file target_31.txt (compact mmCIF, C-alpha atoms and all ligand atoms)
# COMPACT_ATOMS: atom_id res chain seq x y z
CA MET A 1 4.31 14.33 -0.75
CA ASN A 2 7.99 13.75 -1.49
CA ALA A 3 8.37 12.16 1.90
CA SER A 4 8.93 8.55 1.08
CA HIS A 5 12.35 7.16 0.21
CA GLU A 6 13.73 7.04 -3.31
CA LEU A 7 13.71 3.24 -3.20
CA ASP A 8 10.00 3.18 -2.38
CA CYS A 9 7.40 2.64 -5.02
CA ASN A 10 4.27 4.75 -4.64
CA VAL A 11 2.75 5.11 -1.19
CA TYR A 12 -0.80 6.43 -1.15
CA LEU A 13 -2.93 7.93 1.54
CA LEU A 14 -6.62 7.11 1.18
CA ASP A 15 -8.37 9.79 3.19
CA ARG A 16 -11.98 9.28 4.20
CA ASP A 17 -12.11 12.05 6.82
CA THR A 18 -12.98 9.74 9.70
CA ALA A 19 -10.29 7.22 8.83
CA GLN A 20 -7.27 6.97 6.65
CA ALA A 21 -5.56 4.05 5.01
CA VAL A 22 -2.10 3.80 3.57
CA ILE A 23 -1.93 1.79 0.37
CA ASP A 24 1.49 0.21 0.05
CA CYS A 25 4.13 1.34 2.44
CA GLY A 26 7.50 1.36 0.74
CA THR A 27 10.77 -0.24 1.75
CA GLY A 28 10.72 1.00 5.33
CA TYR A 29 13.36 3.67 4.83
CA GLY A 30 10.77 6.42 4.42
CA VAL A 31 8.34 5.61 7.21
CA LEU A 32 9.46 8.23 9.71
CA ALA A 33 9.51 10.95 7.06
CA SER A 34 6.04 9.93 5.88
CA LEU A 35 4.68 10.02 9.41
CA ALA A 36 6.16 13.47 9.92
CA GLU A 37 4.54 14.62 6.70
CA LEU A 38 1.17 13.25 7.82
CA ALA A 39 1.49 15.17 11.07
CA ARG A 40 2.46 18.37 9.25
CA ASP A 41 -0.69 18.03 7.15
CA GLY A 42 -2.86 17.63 10.23
CA PHE A 43 -3.44 13.88 10.11
CA ALA A 44 -3.30 11.95 13.36
CA THR A 45 -1.25 8.83 12.76
CA GLY A 46 -3.62 6.99 15.10
CA ASN A 47 -6.35 7.54 12.53
CA VAL A 48 -4.53 5.39 9.99
CA SER A 49 -6.76 2.36 10.40
CA THR A 50 -5.31 0.13 7.74
CA VAL A 51 -2.19 -0.46 5.69
CA LEU A 52 -3.38 -2.11 2.53
CA LEU A 53 -0.73 -3.96 0.54
CA THR A 54 -0.87 -4.73 -3.17
CA HIS A 55 1.95 -7.30 -3.07
CA ALA A 56 4.99 -8.32 -1.07
CA HIS A 57 7.85 -6.77 -3.02
CA GLN A 58 10.15 -4.78 -0.78
CA ASP A 59 9.42 -1.40 -2.33
CA HIS A 60 5.72 -1.90 -1.58
CA ALA A 61 5.62 -3.86 1.65
CA GLY A 62 8.99 -3.63 3.38
CA GLY A 63 7.77 -0.95 5.75
CA ALA A 64 4.72 -2.87 6.99
CA SER A 65 6.13 -3.72 10.39
CA GLN A 66 7.20 -0.13 11.06
CA TRP A 67 3.82 1.25 9.99
CA ARG A 68 1.97 -1.28 12.15
CA HIS A 69 3.99 -0.45 15.23
CA ALA A 70 3.98 3.31 14.70
CA THR A 71 0.30 3.73 13.93
CA GLY A 72 -1.46 0.65 15.29
CA ALA A 73 -2.96 0.15 11.86
CA ALA A 74 -4.14 -3.25 10.75
CA ILE A 75 -2.13 -4.74 7.92
CA ALA A 76 -4.30 -6.09 5.11
CA ALA A 77 -3.03 -8.17 2.20
CA SER A 78 -3.77 -11.16 0.02
CA THR A 79 -3.27 -14.52 1.66
CA GLU A 80 -0.15 -15.11 -0.44
CA THR A 81 1.33 -11.72 0.43
CA ALA A 82 0.45 -12.34 4.07
CA ALA A 83 2.41 -15.59 4.14
CA ILE A 84 5.51 -13.83 2.81
CA ILE A 85 5.26 -10.83 5.12
CA GLU A 86 4.54 -12.84 8.24
CA ALA A 87 7.52 -15.09 7.54
CA GLY A 88 9.79 -12.17 6.69
CA ASP A 89 10.66 -14.21 3.60
CA GLU A 90 13.25 -12.05 1.84
CA GLU A 91 13.70 -14.54 -0.95
CA ALA A 92 10.01 -14.71 -1.79
CA ASN A 93 9.59 -10.94 -1.77
CA GLY A 94 12.62 -10.39 -4.00
CA LEU A 95 14.76 -8.62 -1.44
CA PHE A 96 17.44 -11.31 -1.35
CA GLY A 97 18.00 -11.09 -5.09
CA GLY A 98 17.59 -7.32 -5.03
CA ARG A 99 20.41 -6.95 -2.52
CA LEU A 100 22.71 -9.15 -4.61
CA ALA A 101 21.85 -7.09 -7.68
CA GLY A 102 22.66 -3.88 -5.87
CA ILE A 103 19.09 -2.59 -6.04
CA TYR A 104 18.75 -2.54 -2.28
CA PRO A 105 21.47 -1.78 0.29
CA MET A 106 22.89 -4.69 2.24
CA ASP A 107 21.24 -3.44 5.42
CA CYS A 108 17.78 -3.52 3.87
CA ARG A 109 15.55 -5.99 5.70
CA LEU A 110 12.02 -7.35 5.57
CA ASP A 111 10.94 -7.43 9.20
CA ALA A 112 8.37 -10.16 9.79
CA CYS A 113 5.02 -8.52 10.38
CA LYS A 114 1.67 -9.87 11.49
CA VAL A 115 -0.99 -9.49 8.83
CA ASP A 116 -4.30 -8.74 10.51
CA ILE A 117 -6.62 -9.03 7.52
CA ARG A 118 -6.15 -11.68 4.82
CA LEU A 119 -8.04 -10.91 1.68
CA VAL A 120 -9.16 -13.22 -1.09
CA HIS A 121 -10.46 -12.29 -4.51
CA GLY A 122 -13.85 -10.63 -4.32
CA GLU A 123 -13.66 -9.81 -0.64
CA TYR A 124 -14.48 -6.35 0.68
CA ILE A 125 -12.63 -4.12 3.09
CA THR A 126 -13.97 -0.95 4.66
CA ILE A 127 -12.01 2.27 5.15
CA GLY A 128 -14.19 4.77 6.98
CA ASP A 129 -17.35 5.03 4.91
CA LEU A 130 -15.78 3.52 1.82
CA THR A 131 -15.86 -0.15 0.89
CA LEU A 132 -13.15 -1.42 -1.43
CA GLU A 133 -13.28 -4.68 -3.34
CA ALA A 134 -10.15 -6.80 -3.54
CA ILE A 135 -9.46 -8.21 -6.98
CA ALA A 136 -6.67 -10.71 -7.56
CA THR A 137 -4.52 -9.49 -10.45
CA PRO A 138 -1.55 -11.86 -10.66
CA GLY A 139 0.97 -10.91 -13.29
CA HIS A 140 3.63 -8.55 -12.05
CA SER A 141 3.75 -10.92 -9.09
CA SER A 142 1.66 -13.97 -8.27
CA ASP A 143 0.39 -12.44 -5.04
CA MET A 144 -0.81 -9.16 -6.57
CA MET A 145 -4.10 -7.73 -5.33
CA SER A 146 -5.78 -4.64 -6.77
CA TYR A 147 -8.61 -2.72 -5.17
CA ILE A 148 -11.75 -1.28 -6.68
CA VAL A 149 -12.60 2.14 -5.32
CA PRO A 150 -16.37 2.34 -5.84
CA GLY A 151 -18.45 5.40 -6.62
CA ALA A 152 -16.78 7.79 -4.20
CA GLU A 153 -16.81 11.51 -4.76
CA GLY A 154 -13.52 13.19 -5.30
CA ALA A 155 -10.37 12.59 -7.21
CA VAL A 156 -6.68 12.28 -6.84
CA GLN A 157 -5.51 15.59 -5.59
CA ARG A 158 -2.24 17.24 -6.31
CA ARG A 159 -0.56 16.12 -3.17
CA HIS A 160 -1.52 12.88 -1.52
CA ARG A 161 -5.21 12.45 -0.97
CA LEU A 162 -6.82 9.71 -2.96
CA CYS A 163 -10.57 9.94 -2.48
CA GLY A 164 -11.48 7.52 -5.20
CA TRP A 165 -12.98 7.48 -8.64
CA PRO A 166 -16.06 5.53 -9.64
CA ASP A 167 -15.48 2.06 -11.00
CA ARG A 168 -11.77 2.24 -11.04
CA PHE A 169 -9.13 -0.09 -9.76
CA LEU A 170 -6.38 1.08 -7.54
CA THR A 171 -3.47 -1.16 -8.28
CA ASN A 172 0.15 -0.77 -7.37
CA ASN A 173 0.65 2.46 -9.24
CA ARG A 174 -2.14 2.84 -11.73
CA LEU A 175 -5.86 3.36 -11.86
CA LEU A 176 -7.56 1.04 -14.31
CA ASP A 177 -10.93 2.09 -15.65
CA ARG A 178 -13.03 -1.06 -15.75
CA ARG A 179 -15.25 0.13 -18.56
CA SER A 180 -12.67 1.52 -20.95
CA GLY A 181 -9.81 -0.68 -19.84
CA ARG A 182 -7.58 2.37 -20.01
CA ILE A 183 -4.90 2.79 -17.44
CA ARG A 184 -4.19 6.18 -15.97
CA ALA A 185 -1.13 7.04 -14.05
CA ALA A 186 -2.03 7.84 -10.47
CA SER A 187 1.32 8.59 -9.05
CA VAL A 188 0.62 10.25 -5.75
CA PRO A 189 3.64 9.50 -3.64
CA LEU A 190 3.10 9.95 0.06
ZN ZN B 1 6.54 -5.23 -7.43
call {"tool": "encode", "arguments": {"input": "target_31.txt", "output": "structure tokens"}}
result
Amino acid sequence: MNASHELDCNVYLLDRDTAQAVIDCGTGYGVLASLAELARDGFATGNVSTVLLTHAHQDHAGGASQWRHATGAAIAASTETAAIIEAGDEEANGLFGGRLAGIYPMDCRLDACKVDIRLVHGEYITIGDLTLEAIATPGHSSDMMSYIVPGAEGAVQRRHRLCGWPDRFLTNNRLLDRRSGRIRAASVPL
């Protein structure tokens, strides 16, 4: 969609017609542009039911508070991610070190944000008619959660709609086929 900020990692829109979810929400710098892009494409921001976070790093979760306030969406994350986001813990989410290293501007902030849905490994979350399974995948970060997108019709489209592939994980920026173990790039920036 080319709407999110250059410091953001991927931001996905999961579109299930009756409801949409945003999966990861960037640093916060690109929220207004992303909302404008949604509106241009005919999506009502009020239909964004959920912001689903993979982990607490700033480029994935820094915009959670803005998304929650702008759309009314519920924030969903692992319990560990939730603790970091709710505390606005800039050390735990890497922002403090990232600012010192010059990765993030000095005005970059993690605004504390209520997490409405705390997910544990194996738990399910529903987006419209689609039920995703949360799978703990610590590695890149200890709080990392990936999501299985089960047997849905459709595919990643050229722009921003992610309708799901059977038996594949949606992780922070890759789709992992459970059967083959192969990872496919699924870069669909919002
Ligand atoms: Zn990260």
call {"tool": "residues_around", "arguments": {"input": "target_31.txt", "residues": "A:Ala3", "least_positions_apart": "5", "cutoff": "9 Å", "atoms": "all atoms listed in the file", "output": "mmCIF file with C-alpha atoms, keeping the file's coordinate frame"}}
result
data_model
loop_
_atom_site.group_PDB
_atom_site.id
_atom_site.type_symbol
_atom_site.label_atom_id
_atom_site.label_comp_id
_atom_site.auth_asym_id
_atom_site.auth_seq_id
_atom_site.Cartn_x
_atom_site.Cartn_y
_atom_site.Cartn_z
ATOM 1 C CA GLY A 30 10.770 6.420 4.420
ATOM 2 C CA VAL A 31 8.340 5.610 7.210
ATOM 3 C CA LEU A 32 9.460 8.230 9.710
ATOM 4 C CA ALA A 33 9.510 10.950 7.060
ATOM 5 C CA SER A 34 6.040 9.930 5.880
ATOM 6 C CA LEU A 35 4.680 10.020 9.410
ATOM 7 C CA ALA A 36 6.160 13.470 9.920
ATOM 8 C CA GLU A 37 4.540 14.620 6.700
ATOM 9 C CA PRO A 189 3.640 9.500 -3.640
ATOM 10 C CA LEU A 190 3.100 9.950 0.060
#
call {"tool": "residues_near_ligand", "arguments": {"input": "target_31.txt", "ligand": "ligand ZN 1 (chain B)", "cutoff": "8 Å", "atoms": "all atoms listed in the file", "output": "list in words"}}
result
His55, Ala56, His57, Gln58, Asp59, His60, His140, Ser141 and Asn172 of chain A
call {"tool": "write_last_selection", "arguments": {"input": "target_31.txt", "atoms": "C-alpha atoms", "output": "tab-separated table (two decimals), keeping the file's coordinate frame"}}
result
chain	number	residue	atom	x	y	z
A	55	HIS	CA	1.95	-7.30	-3.07
A	56	ALA	CA	4.99	-8.32	-1.07
A	57	HIS	CA	7.85	-6.77	-3.02
A	58	GLN	CA	10.15	-4.78	-0.78
A	59	ASP	CA	9.42	-1.40	-2.33
A	60	HIS	CA	5.72	-1.90	-1.58
A	140	HIS	CA	3.63	-8.55	-12.05
A	141	SER	CA	3.75	-10.92	-9.09
A	172	ASN	CA	0.15	-0.77	-7.37
call {"tool": "closest_residue", "arguments": {"input": "target_31.txt", "among": "A:Leu14, A:His121, A:Leu95, A:Ser49", "to": "A:Asp107", "atoms": "only C-alpha atoms"}}
result
A:Leu95
call {"tool": "atom_distance", "arguments": {"input": "target_31.txt", "atom1": "atom CA of A:Cys108", "atom2": "atom CA of A:Gln66"}}
result
13.2 Å
call {"tool": "residues_around", "arguments": {"input": "target_31.txt", "residues": "stretch 74-81 of chain A", "least_positions_apart": "6", "cutoff": "9 Å", "atoms": "all atoms listed in the file", "output": "ChimeraX atom specification"}}
result
/A:48-57,64-65,67-68,93,113-121,125,134,136,142-145
call {"tool": "closest_residue", "arguments": {"input": "target_31.txt", "among": "A:Val11, A:Ile127, A:Val149, A:Ile135", "to": "A:Asn47", "atoms": "all atoms listed in the file"}}
result
A:Ile127
call {"tool": "atom_distance", "arguments": {"input": "target_31.txt", "atom1": "atom CA of A:Met106", "atom2": "atom CA of A:Ile23"}}
result
25.7 Å
call {"tool": "closest_residue", "arguments": {"input": "target_31.txt", "among": "A:Thr27, A:Glu91, A:Ala61, A:Gln20", "to": "A:Pro105", "atoms": "only C-alpha atoms"}}
result
A:Thr27
call {"tool": "atom_distance", "arguments": {"input": "target_31.txt", "atom1": "atom CA of A:Glu123", "atom2": "atom CA of A:Thr45"}}
result
26.1 Å
call {"tool": "closest_residue", "arguments": {"input": "target_31.txt", "among": "A:Ala19, A:Gly46, A:Ala83, A:His5", "to": "A:Ala70", "atoms": "only C-alpha atoms"}}
result
A:Gly46
call {"tool": "closest_residue", "arguments": {"input": "target_31.txt", "among": "A:Ile148, A:Ala39, A:Ala87, A:Leu7", "to": "A:Ala112", "atoms": "all atoms listed in the file"}}
result
A:Ala87
call {"tool": "build_atoms", "arguments": {"input": "target_31.txt", "residues": "stretch 93-117 of chain A", "atoms": "N, CA and C atoms", "output": "mmCIF file, keeping the file's coordinate frame"}}
result
data_model
loop_
_atom_site.group_PDB
_atom_site.id
_atom_site.type_symbol
_atom_site.label_atom_id
_atom_site.label_comp_id
_atom_site.auth_asym_id
_atom_site.auth_seq_id
_atom_site.Cartn_x
_atom_site.Cartn_y
_atom_site.Cartn_z
ATOM 1 N N ASN A 93 10.012 -12.309 -1.416
ATOM 2 C CA ASN A 93 9.590 -10.940 -1.770
ATOM 3 C C ASN A 93 10.620 -10.213 -2.646
ATOM 4 N N GLY A 94 11.665 -10.946 -3.044
ATOM 5 C CA GLY A 94 12.620 -10.390 -4.000
ATOM 6 C C GLY A 94 13.758 -9.613 -3.385
ATOM 7 N N LEU A 95 13.726 -9.441 -2.066
ATOM 8 C CA LEU A 95 14.760 -8.620 -1.440
ATOM 9 C C LEU A 95 16.134 -9.290 -1.518
ATOM 10 N N PHE A 96 16.159 -10.598 -1.312
ATOM 11 C CA PHE A 96 17.440 -11.310 -1.350
ATOM 12 C C PHE A 96 18.145 -11.076 -2.688
ATOM 13 N N GLY A 97 17.419 -11.313 -3.762
ATOM 14 C CA GLY A 97 18.000 -11.090 -5.090
ATOM 15 C C GLY A 97 18.275 -9.625 -5.353
ATOM 16 N N GLY A 98 17.413 -8.761 -4.834
ATOM 17 C CA GLY A 98 17.590 -7.320 -5.030
ATOM 18 C C GLY A 98 18.843 -6.794 -4.355
ATOM 19 N N ARG A 99 19.161 -7.352 -3.195
ATOM 20 C CA ARG A 99 20.410 -6.950 -2.520
ATOM 21 C C ARG A 99 21.615 -7.388 -3.347
ATOM 22 N N LEU A 100 21.578 -8.633 -3.821
ATOM 23 C CA LEU A 100 22.710 -9.150 -4.610
ATOM 24 C C LEU A 100 22.893 -8.338 -5.890
ATOM 25 N N ALA A 101 21.790 -7.869 -6.435
ATOM 26 C CA ALA A 101 21.850 -7.090 -7.680
ATOM 27 C C ALA A 101 22.196 -5.632 -7.437
ATOM 28 N N GLY A 102 22.306 -5.259 -6.186
ATOM 29 C CA GLY A 102 22.660 -3.880 -5.870
ATOM 30 C C GLY A 102 21.491 -2.918 -5.920
ATOM 31 N N ILE A 103 20.280 -3.461 -6.030
ATOM 32 C CA ILE A 103 19.090 -2.590 -6.040
ATOM 33 C C ILE A 103 18.818 -2.060 -4.644
ATOM 34 N N TYR A 104 18.982 -2.932 -3.667
ATOM 35 C CA TYR A 104 18.750 -2.540 -2.280
ATOM 36 C C TYR A 104 20.062 -2.607 -1.500
ATOM 37 N N PRO A 105 20.258 -1.722 -0.533
ATOM 38 C CA PRO A 105 21.470 -1.780 0.290
ATOM 39 C C PRO A 105 21.534 -3.071 1.089
ATOM 40 N N MET A 106 22.722 -3.437 1.505
ATOM 41 C CA MET A 106 22.890 -4.690 2.240
ATOM 42 C C MET A 106 22.203 -4.674 3.593
ATOM 43 N N ASP A 107 21.922 -3.484 4.123
ATOM 44 C CA ASP A 107 21.240 -3.440 5.420
ATOM 45 C C ASP A 107 19.705 -3.437 5.284
ATOM 46 N N CYS A 108 19.219 -3.539 4.077
ATOM 47 C CA CYS A 108 17.780 -3.520 3.870
ATOM 48 C C CYS A 108 17.184 -4.855 4.338
ATOM 49 N N ARG A 109 16.135 -4.794 5.110
ATOM 50 C CA ARG A 109 15.550 -5.990 5.700
ATOM 51 C C ARG A 109 14.023 -5.977 5.563
ATOM 52 N N LEU A 110 13.459 -7.193 5.465
ATOM 53 C CA LEU A 110 12.020 -7.350 5.570
ATOM 54 C C LEU A 110 11.721 -7.880 6.971
ATOM 55 N N ASP A 111 11.284 -6.997 7.853
ATOM 56 C CA ASP A 111 10.940 -7.430 9.200
ATOM 57 C C ASP A 111 9.624 -8.188 9.156
ATOM 58 N N ALA A 112 9.617 -9.384 9.742
ATOM 59 C CA ALA A 112 8.370 -10.160 9.790
ATOM 60 C C ALA A 112 7.283 -9.330 10.450
ATOM 61 N N CYS A 113 6.111 -9.378 9.902
ATOM 62 C CA CYS A 113 5.020 -8.520 10.380
ATOM 63 C C CYS A 113 3.716 -9.296 10.357
ATOM 64 N N LYS A 114 2.995 -9.235 11.441
ATOM 65 C CA LYS A 114 1.670 -9.870 11.490
ATOM 66 C C LYS A 114 0.743 -9.196 10.492
ATOM 67 N N VAL A 115 0.029 -10.012 9.747
ATOM 68 C CA VAL A 115 -0.990 -9.490 8.830
ATOM 69 C C VAL A 115 -2.353 -9.739 9.479
ATOM 70 N N ASP A 116 -3.060 -8.659 9.729
ATOM 71 C CA ASP A 116 -4.300 -8.740 10.510
ATOM 72 C C ASP A 116 -5.500 -9.139 9.665
ATOM 73 N N ILE A 117 -5.469 -8.775 8.394
ATOM 74 C CA ILE A 117 -6.620 -9.030 7.520
ATOM 75 C C ILE A 117 -6.104 -9.711 6.255
#
